[in-house]
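Asker: What follows is final13.txt; its format and atoms are compact mmCIF, C-alpha atoms and all ligand atoms.
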# COMPACT_ATOMS: atom_id res chain seq x y z
CA MET A 870 0.00 0.00 0.00
CA SER A 871 1.49 3.35 -0.93
CA ASN A 872 2.03 6.12 1.58
CA ASP A 873 -0.55 8.27 -0.12
CA SER A 874 -3.34 5.81 0.45
CA ASN A 875 -2.23 5.43 4.06
CA GLU A 876 -2.59 9.15 4.47
CA VAL A 877 -6.09 9.02 3.02
CA LEU A 878 -6.90 6.22 5.46
CA TYR A 879 -5.49 8.15 8.39
CA LYS A 880 -7.57 11.20 7.51
CA LYS A 881 -10.72 9.12 7.11
CA TYR A 882 -10.18 7.21 10.34
CA LYS A 883 -9.36 10.36 12.27
CA LEU A 884 -12.45 12.13 10.95
CA GLU A 885 -14.65 9.14 11.68
CA GLY A 886 -13.35 9.04 15.23
CA ARG A 887 -11.92 5.55 14.81
CA LEU A 888 -8.53 6.63 16.06
CA ASP A 889 -10.07 8.16 19.16
CA SER A 890 -12.07 5.15 20.27
CA LYS A 891 -11.00 1.54 20.62
CA LYS A 892 -14.59 0.50 20.27
CA LEU A 893 -14.97 2.17 16.88
CA PHE A 894 -11.68 0.82 15.64
CA LYS A 895 -12.48 -2.67 16.84
CA GLU A 896 -15.90 -2.68 15.20
CA LYS A 897 -14.19 -2.22 11.87
CA HIS A 898 -11.27 -4.54 12.59
CA PRO A 899 -12.46 -7.22 14.99
CA ASP A 900 -9.44 -9.43 14.34
CA THR A 901 -6.79 -6.83 15.00
CA GLU A 902 -4.74 -7.55 18.08
CA TYR A 903 -4.24 -4.81 20.60
CA LYS A 904 -0.88 -4.54 22.18
CA GLY A 905 -0.59 -0.90 23.06
CA THR A 906 -2.54 1.98 21.66
CA ILE A 907 -5.03 2.41 18.83
CA ALA A 908 -2.23 4.13 16.95
CA ASP A 909 -0.12 0.97 17.25
CA ALA A 910 -2.98 -1.20 16.05
CA PHE A 911 -3.62 1.14 13.13
CA LYS A 912 0.05 1.14 12.15
CA LYS A 913 0.22 -2.60 12.31
CA GLN A 914 -3.03 -3.19 10.48
CA PHE A 915 -2.13 -0.96 7.56
CA ASN A 916 1.61 -1.26 7.63
CA VAL A 917 2.17 2.41 8.39
CA SER A 918 5.66 3.41 9.47
CA ASP A 919 6.24 5.46 12.62
CA ASN A 920 7.62 8.27 10.50
CA ASP A 921 4.60 8.38 8.23
CA TYR A 922 2.22 8.25 11.18
CA GLU A 923 4.01 11.15 12.82
CA ARG A 924 3.80 13.08 9.58
CA TYR A 925 0.01 12.56 9.39
CA VAL A 926 -0.45 13.66 12.97
CA LYS A 927 1.59 16.79 12.30
CA LYS A 928 -0.34 17.55 9.17
CA TYR A 929 -3.85 16.97 10.50
CA CYS A 930 -3.76 17.24 14.25
CA ASN A 931 -1.09 19.66 15.40
CA SER A 932 -2.31 23.06 16.27
CA ASP A 933 -1.28 26.00 18.40
CA GLU A 934 -4.88 26.59 19.27
CA LYS A 935 -6.90 24.57 21.71
CA HIS A 936 -8.20 22.08 19.20
CA SER A 937 -6.64 20.87 16.01
CA GLU A 938 -8.26 21.81 12.75
CA ILE A 939 -9.42 18.28 12.07
CA GLN A 940 -11.17 18.20 15.45
CA LYS A 941 -12.74 21.58 14.84
CA ILE A 942 -14.14 20.60 11.47
CA LYS A 943 -15.17 17.19 12.75
CA SER A 944 -17.08 18.84 15.59
CA LYS A 945 -19.21 20.69 13.03
CA PHE A 946 -20.29 17.43 11.47
CA THR A 947 -23.36 16.94 13.60
CA GLY A 948 -27.13 16.61 13.27
CA GLU A 949 -28.44 17.15 9.77
CA ARG A 950 -24.96 17.70 8.46
CA LYS A 951 -24.39 13.99 8.84
CA GLY A 952 -26.47 13.66 5.68
CA TRP A 953 -23.69 15.42 3.73
CA PRO A 954 -23.14 13.50 0.47
CA ASP A 955 -20.16 11.14 0.82
CA GLY A 956 -19.83 11.77 4.52
CA VAL A 957 -17.41 13.42 6.85
CA VAL A 958 -14.33 13.27 4.61
CA ALA A 959 -16.17 15.08 1.80
CA PHE A 960 -17.45 17.60 4.36
CA TYR A 961 -13.90 18.18 5.61
CA ASP A 962 -12.62 18.70 2.06
CA TRP A 963 -15.48 21.08 1.29
CA TYR A 964 -14.78 23.09 4.42
CA LYS A 965 -11.05 23.27 3.71
CA GLY A 966 -11.77 24.26 0.11
CA LYS A 967 -13.62 27.32 1.34
CA GLY A 968 -10.32 28.82 2.38
CA GLN A 969 -11.37 29.67 5.95
CA ALA A 970 -13.11 32.84 4.87
CA CYS A 971 -16.60 34.32 4.73
CA GLY A 972 -18.10 33.62 1.32
CA TYR A 973 -19.85 36.99 1.36
CA CYS A 974 -17.38 39.57 2.65
CA GLY A 975 -14.16 37.57 2.55
CA ILE A 976 -12.98 38.11 6.12
CA SER A 977 -10.69 35.27 7.21
CA GLN A 978 -11.12 33.03 10.22
CA ASP A 979 -7.82 34.36 11.63
CA GLU A 980 -9.07 37.93 11.45
CA LEU A 981 -12.34 36.96 13.09
CA TYR A 982 -10.51 35.25 15.94
CA LYS A 983 -8.54 38.46 16.46
CA LEU A 984 -11.71 40.51 16.78
CA PHE A 985 -13.55 38.00 18.94
CA SER A 986 -10.70 36.68 21.05
CA LYS A 987 -10.88 37.10 24.76
CA ASP A 988 -7.78 39.23 25.15
CA ASN A 989 -7.84 42.96 25.77
CA ASN A 990 -8.06 43.85 22.10
CA LYS A 991 -11.37 42.11 21.72
CA LYS A 992 -13.85 44.18 19.72
CA LEU A 993 -16.80 41.82 19.39
CA PRO A 994 -19.41 41.10 20.51
CA LEU A 995 -20.32 44.48 21.91
CA ASN A 996 -21.69 43.01 25.12
CA ASN A 997 -20.87 39.84 27.02
CA ALA A 998 -23.52 37.69 25.41
CA VAL A 999 -22.20 34.21 24.82
CA LYS A 1000 -23.92 33.57 21.52
CA ARG A 1001 -21.51 34.09 18.65
CA SER A 1002 -18.81 35.15 21.03
CA PHE A 1003 -16.07 33.12 19.41
CA GLY A 1004 -16.21 34.45 15.87
CA THR A 1005 -16.25 31.03 14.28
CA LEU A 1006 -17.28 30.89 10.64
CA GLU A 1007 -20.80 29.53 10.35
CA ILE A 1008 -22.20 27.10 7.83
CA GLU A 1009 -25.16 28.73 6.19
CA ARG A 1010 -27.65 27.07 3.90
CA ARG A 1011 -28.22 29.16 0.81
CA ASP A 1012 -31.62 27.86 -0.11
CA SER A 1013 -33.66 27.91 3.03
CA GLU A 1014 -36.55 26.12 1.38
CA THR A 1015 -34.79 22.90 0.53
CA ASN A 1016 -32.53 23.57 3.52
CA GLU A 1017 -30.12 20.85 2.55
CA TYR A 1018 -26.60 20.39 3.68
CA ASN A 1019 -24.53 19.73 0.58
CA PRO A 1020 -21.61 21.47 -1.14
CA GLU A 1021 -23.75 23.46 -3.57
CA ASN A 1022 -26.23 24.66 -1.01
CA CYS A 1023 -23.81 25.67 1.73
CA ILE A 1024 -21.53 28.62 2.24
CA LEU A 1025 -19.24 29.68 5.06
CA ALA A 1026 -20.39 32.96 6.53
CA CYS A 1027 -18.96 35.21 9.20
CA PRO A 1028 -21.26 35.86 12.18
CA LEU A 1029 -21.95 39.43 11.06
CA CYS A 1030 -22.93 38.59 7.49
CA ASN A 1031 -24.94 35.60 8.61
CA ASN A 1032 -26.76 37.48 11.31
CA ALA A 1033 -27.43 40.65 9.35
CA LYS A 1034 -28.42 39.00 6.13
CA SER A 1035 -30.49 36.34 7.87
CA ASN A 1036 -33.47 35.31 5.78
CA LEU A 1037 -34.44 38.89 5.03
CA ILE A 1038 -31.95 39.87 2.35
CA ASP A 1039 -31.21 37.65 -0.62
CA GLU A 1040 -27.71 36.64 -1.63
CA GLU A 1041 -27.44 38.82 -4.71
CA ASN A 1042 -28.47 41.97 -2.90
CA TRP A 1043 -26.25 41.11 0.02
CA MET A 1044 -23.25 40.68 -2.25
CA SER A 1045 -23.85 43.80 -4.29
CA LEU A 1046 -25.04 46.18 -1.58
CA PHE A 1047 -23.87 45.04 1.84
CA ALA A 1048 -20.70 42.96 1.51
CA GLU A 1049 -18.51 46.00 0.83
CA PRO A 1050 -19.80 48.06 3.79
CA MET A 1051 -19.28 44.97 5.97
CA ARG A 1052 -15.68 44.87 4.80
CA GLU A 1053 -15.34 48.56 5.67
CA TYR A 1054 -16.64 47.89 9.15
CA TYR A 1055 -14.22 45.02 9.68
CA LYS A 1056 -11.40 47.16 8.32
CA LYS A 1057 -12.21 49.82 10.88
CA LEU A 1058 -12.27 47.28 13.72
CA LEU A 1059 -9.03 45.65 12.60
CA GLY A 1060 -7.32 48.92 11.86
CA LYS A 1061 -6.10 47.60 8.53
CA ASP A 1062 -7.16 46.15 5.20
CA LEU A 1063 -8.63 42.68 5.08
CA LYS A 1064 -6.26 39.96 4.02
CA ASN A 1065 -8.57 38.59 1.30
CA GLU A 1066 -10.17 40.33 -1.63
CA LYS A 1067 -13.93 40.55 -1.75
CA PRO A 1068 -15.21 37.19 -3.01
CA GLU A 1069 -16.38 36.94 -6.58
CA LYS A 1070 -20.07 36.74 -7.22
CA LEU A 1071 -21.51 33.52 -5.87
CA ALA A 1072 -22.39 30.67 -8.16
CA ALA A 1073 -26.02 30.46 -9.12
CA LYS A 1074 -28.18 29.10 -6.39
CA PRO A 1075 -28.92 25.42 -6.77
CA LEU A 1076 -32.30 24.73 -8.29
CA ASN A 1077 -35.00 23.29 -6.13
ZN ZN B 1 -18.90 38.17 6.15
Taking this structure as input, can you express it in the form of C-alpha cells?
Answerer:
Amino acid sequence: MSNDSNEVLYKKYKLEGRLDSKKLFKEKHPDTEYKGTIADAFKKQFNVSDNDYERYVKKYCNSDEKHSEIQKIKSKFTGERKGWPDGVVAFYDWYKGKGQACGYCGISQDELYKLFSKDNNKKLPLNNAVKRSFGTLEIERRDSETNEYNPENCILACPLCNNAKSNLIDEENWMSLFAEPMREYYKKLLGKDLKNEKPEKLAAKPLN
C-alpha cells in the first residue's frame, strides 16, 4: 500500500473518530490484536511506518490553538450535516476548500478570531452575550426552502454577514449592496485592510 493511500486512510479514520475510540476501531477490525494503543494497532493493520504516522499527525492534528483543525471541522459534522453526500471526509474537504473565509465579505477566520478573542483587544461582541462570542465561521444554507446540507447549497459565513443578512436579504443583494460596507466595518475594527479580496459573485443558487 502506498504512503498516499495510508494518508487518506489516516484522515478518514481520524475524521470518523476511529482513532479516538478503541470500540470504533475494533468494530471495523475485529481481528486486530491490541498490544498498546489504537495508533499501534492502526500502524500494524495498515503497515504504516512510525515516521509516516508522525507526519500525518503533524499535518492533520497539530495546532497552536486549543483544538486541532481536524477536530474543529469534525465537531461541526453533527445533526443534519451527517447527511452530507459522501460523509465526513467530503465535508472536511469542502470546508477546507472554502479557504477559511466568509463567502460573502471575505474576512478570514484568523481575522475573526482576532476581533472575537478574549484578550484585551477584543472588539466583538459588543456586550458579554455568549452567543456568537467566538467568531467562528458559520455554515449557512443558501436555499432555506430545501434547507439541505450539501456542497452546492452551503456557504461559510462570518457571524456578522450571517446574522445581518439572515433570511431577510437575498444573496445577490447582500453581495452587491452590503458585503462591501461589511468589509469597511471590519477594516475599521481591525485597523487595517482585510487579508482577502472581496469574493467573486456567488455561483447560481442550486435549483430546487
Ligand atoms: Zn462576512
Asker: Just want the residues within 8 Å of ligand ZN 1 (chain B), written as a short mmCIF file (atom, residue, chain, number, x, y, z; two decimals) with C-alpha atoms, keeping the file's coordinate frame, counting all atoms listed in the file.
Answerer:
data_model
loop_
_atom_site.label_atom_id
_atom_site.label_comp_id
_atom_site.auth_asym_id
_atom_site.auth_seq_id
_atom_site.Cartn_x
_atom_site.Cartn_y
_atom_site.Cartn_z
CA ALA A 970 -13.11 32.84 4.87
CA CYS A 971 -16.60 34.32 4.73
CA GLY A 972 -18.10 33.62 1.32
CA TYR A 973 -19.85 36.99 1.36
CA CYS A 974 -17.38 39.57 2.65
CA GLY A 975 -14.16 37.57 2.55
CA ILE A 976 -12.98 38.11 6.12
CA ALA A 1026 -20.39 32.96 6.53
CA CYS A 1027 -18.96 35.21 9.20
CA PRO A 1028 -21.26 35.86 12.18
CA LEU A 1029 -21.95 39.43 11.06
CA CYS A 1030 -22.93 38.59 7.49
CA ASN A 1031 -24.94 35.60 8.61
CA ALA A 1048 -20.70 42.96 1.51
CA MET A 1051 -19.28 44.97 5.97
CA ARG A 1052 -15.68 44.87 4.80
#
Asker: Find the residue from A:Tyr1018, A:Tyr879, A:Phe1003, A:Tyr982 that sits nearest to Leu1059 (chain A); use only C-alpha atoms when measuring.
Answerer: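 Checking each candidate against Leu1059 (chain A), we get A:Tyr982 as the closest.
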Asker: Of the candidates A:Ser890, A:Thr901, A:Asn1019, A:Gln978, which shows the shortest atom-to-atom distance to Trp953 (chain A), using all atoms listed in the file?
Answerer: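 Result for the nearest residue to Trp953 (chain A): A:Asn1019.
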Asker: Do a neighbour search on Ile1008 (chain A) at 8 Å with only C-alpha atoms, toss out local chain neighbours closer than 5 positions, and write the hits as a VMD selection string.
Answerer: chain A and resid 1023 to 1026
Asker: How about saving the chosen residues, C-alpha atoms kept, as a compact mmCIF listing (two decimals), keeping the file's coordinate frame?
Answerer:
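In the end it all went to out-v3.txt:
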# COMPACT_ATOMS: atom_id res chain seq x y z
CA CYS A 1023 -23.81 25.67 1.73
CA ILE A 1024 -21.53 28.62 2.24
CA LEU A 1025 -19.24 29.68 5.06
CA ALA A 1026 -20.39 32.96 6.53
Asker: Report, in Å to a single decimal, how far apart CA of Gly1004 (chain A) and CA of Leu981 (chain A) are.
Answerer: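 These atoms are spaced 5.4 Å apart.
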Asker: Could you tell me, as a PDB file with C-alpha atoms, in the frame of the given file, which residues have any atom at most 12 Å from (-11.4, 18.9, 4.2), counting only C-alpha atoms?
Answerer:
ATOM      1  CA  VAL A 877      -6.090   9.020   3.020  1.00  0.00           C
ATOM      2  CA  LYS A 880      -7.570  11.200   7.510  1.00  0.00           C
ATOM      3  CA  LYS A 881     -10.720   9.120   7.110  1.00  0.00           C
ATOM      4  CA  LYS A 883      -9.360  10.360  12.270  1.00  0.00           C
ATOM      5  CA  LEU A 884     -12.450  12.130  10.950  1.00  0.00           C
ATOM      6  CA  TYR A 929      -3.850  16.970  10.500  1.00  0.00           C
ATOM      7  CA  GLU A 938      -8.260  21.810  12.750  1.00  0.00           C
ATOM      8  CA  ILE A 939      -9.420  18.280  12.070  1.00  0.00           C
ATOM      9  CA  GLN A 940     -11.170  18.200  15.450  1.00  0.00           C
ATOM     10  CA  LYS A 941     -12.740  21.580  14.840  1.00  0.00           C
ATOM     11  CA  ILE A 942     -14.140  20.600  11.470  1.00  0.00           C
ATOM     12  CA  LYS A 943     -15.170  17.190  12.750  1.00  0.00           C
ATOM     13  CA  LYS A 945     -19.210  20.690  13.030  1.00  0.00           C
ATOM     14  CA  PHE A 946     -20.290  17.430  11.470  1.00  0.00           C
ATOM     15  CA  GLY A 956     -19.830  11.770   4.520  1.00  0.00           C
ATOM     16  CA  VAL A 957     -17.410  13.420   6.850  1.00  0.00           C
ATOM     17  CA  VAL A 958     -14.330  13.270   4.610  1.00  0.00           C
ATOM     18  CA  ALA A 959     -16.170  15.080   1.800  1.00  0.00           C
ATOM     19  CA  PHE A 960     -17.450  17.600   4.360  1.00  0.00           C
ATOM     20  CA  TYR A 961     -13.900  18.180   5.610  1.00  0.00           C
ATOM     21  CA  ASP A 962     -12.620  18.700   2.060  1.00  0.00           C
ATOM     22  CA  TRP A 963     -15.480  21.080   1.290  1.00  0.00           C
ATOM     23  CA  TYR A 964     -14.780  23.090   4.420  1.00  0.00           C
ATOM     24  CA  LYS A 965     -11.050  23.270   3.710  1.00  0.00           C
ATOM     25  CA  GLY A 966     -11.770  24.260   0.110  1.00  0.00           C
ATOM     26  CA  LYS A 967     -13.620  27.320   1.340  1.00  0.00           C
ATOM     27  CA  GLY A 968     -10.320  28.820   2.380  1.00  0.00           C
ATOM     28  CA  GLN A 969     -11.370  29.670   5.950  1.00  0.00           C
ATOM     29  CA  PRO A1020     -21.610  21.470  -1.140  1.00  0.00           C
TER      30      PRO A1020
END
Asker: Go through region 916-1024 of chain A and flag each residue having an atom no more than 12 Å from region 902-910 of chain A; for those, report the closest pair of atoms plus their distance in Å to one decimal, using all atoms listed in the file, ordered by chain and rising number, as CSV.
Answerer:
residue,atom,partner,partner_atom,distance
A:Asn916,CA,A:Ala910,CA,9.6
A:Val917,CA,A:Asp909,CA,9.3
A:Ser918,CA,A:Asp909,CA,10.0
A:Asp919,CA,A:Asp909,CA,9.1
A:Asp921,CA,A:Ala908,CA,11.9
A:Tyr922,CA,A:Ala908,CA,8.4
A:Glu923,CA,A:Ala908,CA,10.3
A:Tyr925,CA,A:Ala908,CA,11.5
A:Val926,CA,A:Ala908,CA,10.5
Asker: Quick one: of A:Asn1022, A:Tyr1055, A:Lys895, A:Pro1050, who's nearest to Leu1071 (chain A), counting only C-alpha atoms?
Answerer: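 Of A:Asn1022, A:Tyr1055, A:Lys895, A:Pro1050, the one nearest Leu1071 (chain A), counting only C-alpha atoms, is A:Asn1022.
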Asker: Could you tell me how far CA of Lys1067 (chain A) lies from CA of Met1044 (chain A), in Å and to one decimal?
Answerer: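 Computed distance, CA of Lys1067 (chain A) to CA of Met1044 (chain A), equals 9.3 Å.
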Asker: Figure out the distance between CA of Ser1045 (chain A) and CA of Lys1064 (chain A), please, to one decimal in Å.
Answerer: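 We find that CA of Lys1064 (chain A) and CA of Ser1045 (chain A) lie 19.8 Å from each other.
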